[in-house]
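Taking it in order: structure first as structure tokens, then the write-up.
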Amino acid sequence: MFMDRLLQQKLNDLKDKNLLRAPKGEWDKGFINFTTNDYLSLAKHPQVIKAGIKAAEKYGAGAGASRMAGGNYPLFAEFESKIAKHKGYPAACVFGSGYLANLGVITALVGEGDVVLADKLVHACIIDAVKLSGARLVRFKHNDVADCKRRITAETKLIVTEEIFSMDGDAAPIDELKKLGITLLVDGAHSLYDKKCKADIYVGTMSKALGSYGGYVCGSKVFIEYLYNKARPLIYSTGLPPFALGAAIKALDIVEKDKPYKKTLANAKYLKAKSAIVPIIVGEEKKALAAEQKLRKHKILVSAIRPPTVPQGTSRLRISVTATHTKSEIDLLAETLKKIL
């Protein structure tokens, strides 16, 4: 049909620019995986899987309804209580994903006539949320508190940043941003659950370090109650399936007891990095893709990241270190990178 021809033309254009994408995933083929966001290696942890299965057997394969319309089985409250305490907040609320959590929080808090200040490198879901809210999005230079302060106006209602930036691996100056006196929302999707956060609002996921799926928001009790009444992605979406919550609860228990993030951080330090995310900037999209394929031939999985995920001219290899990587695997990665770059 006519629409297909137009879409194929757009796909061809992306291919010519080395920006064409497709789902990836190599399973049980002997690869060393440095692409996963399963930083604490909990997704395949036997206890996490067992807890997920037990939850599904008790409550079913799905919630059956939105949380506001009967799908709010007891595991929601259990996880919310645990994660709020772990992150140091009075209350928490579970969403269907981290993307939906940011969407729900921002559209519930701001609207037309308001201004949201966001770090230049925040995740796409934050940009989408501000646009959908009707508020005006103003970007400040990456991790530049002085630039953020200069851009504050009487209409500024919210400052948004990330705890650990997903493509660069660096941390936001949260304490300094908090001092600016504007409500601060921090997206902690790539947190290793190794510390508390002092932001007014904290958005996190269970789909990365906790190895399961879903998103959550931490804040004051009145704020969480407000979300139950105003966050449309929460009100109008079916609740998470029981397996996801059962697994996340067990994963959080393991985090608190065994502290697997210490192993992840030790591996990152061995690779001369400060976080589990290690970017290697190569510049051109074509060069990044070629490097990804060369690594693949050595049975090493690393993702080539290109615009619009990262700024033009900063295409990169994004290395993700986990708790179960061995020193020999990290050595092999480093040696191979030296050969191909």
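Residues in the structure tokens are numbered from 1 in each chain, the chains being A, B, ... in the order shown, and ligands are numbered from 1 in the order shown.
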Counting only C-alpha atoms, which residues of range 178-294 of chain A sit at most 10 Å from some atom of range 26-38 of chain A, and what is each one's closest atom pair with its distance in Å to one decimal, listed by chain and rising residue number, as CSV?
```
residue,atom,partner,partner_atom,distance
A:Ala189,CA,A:Asn37,CA,9.7
A:His190,CA,A:Asn37,CA,7.8
A:Leu192,CA,A:Asp38,CA,9.8
A:Met206,CA,A:Asp38,CA,9.9
A:Ser207,CA,A:Asp38,CA,7.7
A:Lys208,CA,A:Asp38,CA,4.9
A:Ala209,CA,A:Asp38,CA,5.1
A:Leu210,CA,A:Asp38,CA,7.2
A:Gly211,CA,A:Asp38,CA,5.6
A:Ser212,CA,A:Asp38,CA,8.9
A:Ala276,CA,A:Asn37,CA,8.9
A:Ile277,CA,A:Asn37,CA,8.9
A:Val278,CA,A:Phe34,CA,9.9
```
Suppose we keep N, CA and C atoms; can you now write the selection as a short mmCIF file (atom, residue, chain, number, x, y, z; two decimals), in the first residue's frame?
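Generated file (again11.cif):
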```
data_model
loop_
_atom_site.label_atom_id
_atom_site.label_comp_id
_atom_site.auth_asym_id
_atom_site.auth_seq_id
_atom_site.Cartn_x
_atom_site.Cartn_y
_atom_site.Cartn_z
N ALA A 189 17.10 5.06 37.00
CA ALA A 189 16.95 3.78 36.29
C ALA A 189 18.22 2.95 36.30
N HIS A 190 19.37 3.61 36.23
CA HIS A 190 20.63 2.87 36.14
C HIS A 190 21.39 2.84 37.47
N LEU A 192 22.60 1.27 41.02
CA LEU A 192 22.97 -0.07 41.48
C LEU A 192 22.39 -0.38 42.85
N MET A 206 12.54 -1.71 38.07
CA MET A 206 12.90 -3.06 38.51
C MET A 206 13.49 -3.86 37.35
N SER A 207 13.58 -3.25 36.17
CA SER A 207 13.92 -3.98 34.95
C SER A 207 15.41 -3.99 34.64
N LYS A 208 16.22 -3.32 35.45
CA LYS A 208 17.66 -3.30 35.19
C LYS A 208 18.39 -3.99 36.35
N ALA A 209 18.83 -3.24 37.35
CA ALA A 209 19.62 -3.85 38.42
C ALA A 209 18.85 -4.93 39.19
N LEU A 210 17.53 -4.80 39.28
CA LEU A 210 16.75 -5.80 40.01
C LEU A 210 16.36 -7.01 39.14
N GLY A 211 16.68 -6.95 37.87
CA GLY A 211 16.53 -8.12 37.01
C GLY A 211 15.12 -8.53 36.67
N SER A 212 14.12 -7.73 37.00
CA SER A 212 12.72 -8.10 36.74
C SER A 212 12.11 -7.13 35.71
N ALA A 276 29.00 1.17 36.30
CA ALA A 276 28.82 -0.04 35.50
C ALA A 276 28.72 0.24 34.01
N ILE A 277 28.54 1.51 33.65
CA ILE A 277 28.39 1.91 32.25
C ILE A 277 29.69 2.54 31.77
N VAL A 278 30.28 1.97 30.72
CA VAL A 278 31.56 2.45 30.22
C VAL A 278 31.42 2.78 28.73
#
```
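Excluding Asn143 in chain A itself and same-chain residues fewer than 3 positions from it, the residues having an atom within 7 Å of it are Asp119, Ala172 and Pro173 of chain A, counting only C-alpha atoms.
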Counting only C-alpha atoms, which residues of range 157-244 of chain A fall within 12 Å of range 300-310 of chain A, and what is the closest atom pair for each with its distance in Å at one decimal, ordered by chain and rising number, as a Markdown table?
```
| residue | atom | partner | partner_atom | distance |
| --- | --- | --- | --- | --- |
| A:Phe165 | CA | A:Val310 | CA | 11.3 |
| A:Ser166 | CA | A:Thr309 | CA | 10.0 |
| A:Met167 | CA | A:Val310 | CA | 7.4 |
| A:Asp168 | CA | A:Val310 | CA | 9.4 |
```
Can I get the selected residues back with N, CA and C atoms, as a compact mmCIF listing (two decimals), in the first residue's frame?
```
# COMPACT_ATOMS: atom_id res chain seq x y z
N PHE A 165 23.87 8.54 34.32
CA PHE A 165 23.43 8.74 32.93
C PHE A 165 23.67 7.47 32.12
N SER A 166 22.63 7.07 31.40
CA SER A 166 22.59 5.75 30.79
C SER A 166 23.60 5.53 29.68
N MET A 167 24.02 6.58 28.99
CA MET A 167 24.95 6.42 27.88
C MET A 167 26.36 6.92 28.19
N ASP A 168 26.54 7.59 29.31
CA ASP A 168 27.85 8.14 29.67
C ASP A 168 28.40 7.56 30.96
```
Please identify every residue of range 86-177 of chain A that has at least one atom no farther than 12 Å from an atom of range 53-69 of chain A, counting only C-alpha atoms, and for each give the shortest atom pair and the distance in Å to one decimal, arranged by chain then increasing number, as a Markdown table.
```
| residue | atom | partner | partner_atom | distance |
| --- | --- | --- | --- | --- |
| A:Cys93 | CA | A:Arg67 | CA | 10.7 |
| A:Val94 | CA | A:Arg67 | CA | 9.5 |
| A:Phe95 | CA | A:Arg67 | CA | 9.4 |
| A:Gly96 | CA | A:Ser66 | CA | 10.0 |
```
Put those residues in a file: N, CA and C atoms, as a PDB file, in the first residue's frame.
```pdb
ATOM      1  N   CYS A  93       5.211   4.150  44.722  1.00  0.00           N
ATOM      2  CA  CYS A  93       4.107   3.689  43.876  1.00  0.00           C
ATOM      3  C   CYS A  93       4.678   2.975  42.659  1.00  0.00           C
ATOM      4  N   VAL A  94       4.161   1.789  42.355  1.00  0.00           N
ATOM      5  CA  VAL A  94       4.626   0.986  41.225  1.00  0.00           C
ATOM      6  C   VAL A  94       3.877   1.346  39.952  1.00  0.00           C
ATOM      7  N   PHE A  95       4.616   1.480  38.859  1.00  0.00           N
ATOM      8  CA  PHE A  95       4.063   1.704  37.521  1.00  0.00           C
ATOM      9  C   PHE A  95       4.418   0.527  36.610  1.00  0.00           C
ATOM     10  N   GLY A  96       3.881   0.530  35.412  1.00  0.00           N
ATOM     11  CA  GLY A  96       4.133  -0.557  34.473  1.00  0.00           C
ATOM     12  C   GLY A  96       5.552  -0.602  33.947  1.00  0.00           C
TER      13      GLY A  96
END
```
Could you pull the residues within 12 Å of Leu20 in chain A, counting only C-alpha atoms, minus those fewer than 2 positions along the same chain, as an mmCIF file with N, CA and C atoms, in the first residue's frame?
```cif
data_model
loop_
_atom_site.group_PDB
_atom_site.id
_atom_site.type_symbol
_atom_site.label_atom_id
_atom_site.label_comp_id
_atom_site.auth_asym_id
_atom_site.auth_seq_id
_atom_site.Cartn_x
_atom_site.Cartn_y
_atom_site.Cartn_z
ATOM 1 N N GLN A 8 9.104 2.441 3.667
ATOM 2 C CA GLN A 8 10.301 1.788 3.152
ATOM 3 C C GLN A 8 11.327 2.816 2.714
ATOM 4 N N LYS A 10 11.699 5.759 4.070
ATOM 5 C CA LYS A 10 12.291 6.282 5.296
ATOM 6 C C LYS A 10 13.308 5.296 5.885
ATOM 7 N N LEU A 11 12.991 3.997 5.815
ATOM 8 C CA LEU A 11 13.923 2.982 6.304
ATOM 9 C C LEU A 11 15.206 2.963 5.479
ATOM 10 N N ASN A 12 15.062 3.103 4.190
ATOM 11 C CA ASN A 12 16.236 3.137 3.316
ATOM 12 C C ASN A 12 17.127 4.336 3.639
ATOM 13 N N ASP A 13 16.489 5.457 3.949
ATOM 14 C CA ASP A 13 17.231 6.663 4.316
ATOM 15 C C ASP A 13 18.016 6.443 5.604
ATOM 16 N N LEU A 14 17.387 5.775 6.590
ATOM 17 C CA LEU A 14 18.087 5.469 7.837
ATOM 18 C C LEU A 14 19.270 4.539 7.584
ATOM 19 N N LYS A 15 19.082 3.568 6.704
ATOM 20 C CA LYS A 15 20.153 2.627 6.387
ATOM 21 C C LYS A 15 21.327 3.340 5.741
ATOM 22 N N ASP A 16 21.044 4.269 4.841
ATOM 23 C CA ASP A 16 22.102 5.026 4.175
ATOM 24 C C ASP A 16 22.914 5.845 5.171
ATOM 25 N N LYS A 17 22.278 6.262 6.272
ATOM 26 C CA LYS A 17 22.942 7.075 7.288
ATOM 27 C C LYS A 17 23.527 6.224 8.420
ATOM 28 N N ASN A 18 23.491 4.901 8.261
ATOM 29 C CA ASN A 18 23.973 3.979 9.302
ATOM 30 C C ASN A 18 23.215 4.134 10.613
ATOM 31 N N ALA A 22 17.402 -2.679 14.622
ATOM 32 C CA ALA A 22 16.599 -3.903 14.692
ATOM 33 C C ALA A 22 16.811 -4.508 16.075
ATOM 34 N N PRO A 23 15.838 -5.264 16.589
ATOM 35 C CA PRO A 23 16.014 -5.901 17.900
ATOM 36 C C PRO A 23 17.239 -6.811 17.927
ATOM 37 N N GLU A 285 28.958 6.933 13.017
ATOM 38 C CA GLU A 285 28.032 5.805 13.159
ATOM 39 C C GLU A 285 28.593 4.543 12.517
ATOM 40 N N LYS A 286 29.151 4.700 11.324
ATOM 41 C CA LYS A 286 29.675 3.549 10.589
ATOM 42 C C LYS A 286 30.813 2.877 11.350
ATOM 43 N N LEU A 289 29.371 0.841 14.328
ATOM 44 C CA LEU A 289 28.762 -0.410 13.869
ATOM 45 C C LEU A 289 29.820 -1.436 13.487
ATOM 46 N N ALA A 304 26.590 -0.891 19.787
ATOM 47 C CA ALA A 304 26.936 0.374 19.145
ATOM 48 C C ALA A 304 25.749 1.317 19.342
ATOM 49 N N ILE A 305 25.989 2.464 19.937
ATOM 50 C CA ILE A 305 24.929 3.431 20.215
ATOM 51 C C ILE A 305 25.107 4.633 19.292
ATOM 52 N N ARG A 306 24.017 4.993 18.591
ATOM 53 C CA ARG A 306 24.083 6.056 17.588
ATOM 54 C C ARG A 306 22.981 7.079 17.806
ATOM 55 N N PRO A 307 23.059 8.231 17.106
ATOM 56 C CA PRO A 307 21.963 9.201 17.181
ATOM 57 C C PRO A 307 20.653 8.548 16.739
ATOM 58 N N PRO A 308 19.508 8.951 17.292
ATOM 59 C CA PRO A 308 19.318 10.079 18.202
ATOM 60 C C PRO A 308 19.509 9.733 19.686
#
```
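Going from CA of Thr205 in chain A to CA of Asp258 in chain A covers 19.7 Å.
Across the model, the gap from CA of Thr153 in chain A to CA of Glu112 in chain A is 14.9 Å.
Excluding Lys287 in chain A itself and same-chain residues fewer than 6 positions from it, the residues having an atom within 12 Å of it are Lys17, Asn18, Leu19, Ile280, Ile281, Gln293, Lys294, Ala304, Ile305, Arg306, Gly313, Thr314, Ser315, Arg316, Leu317, Ile340 and Leu341 of chain A, counting only C-alpha atoms.
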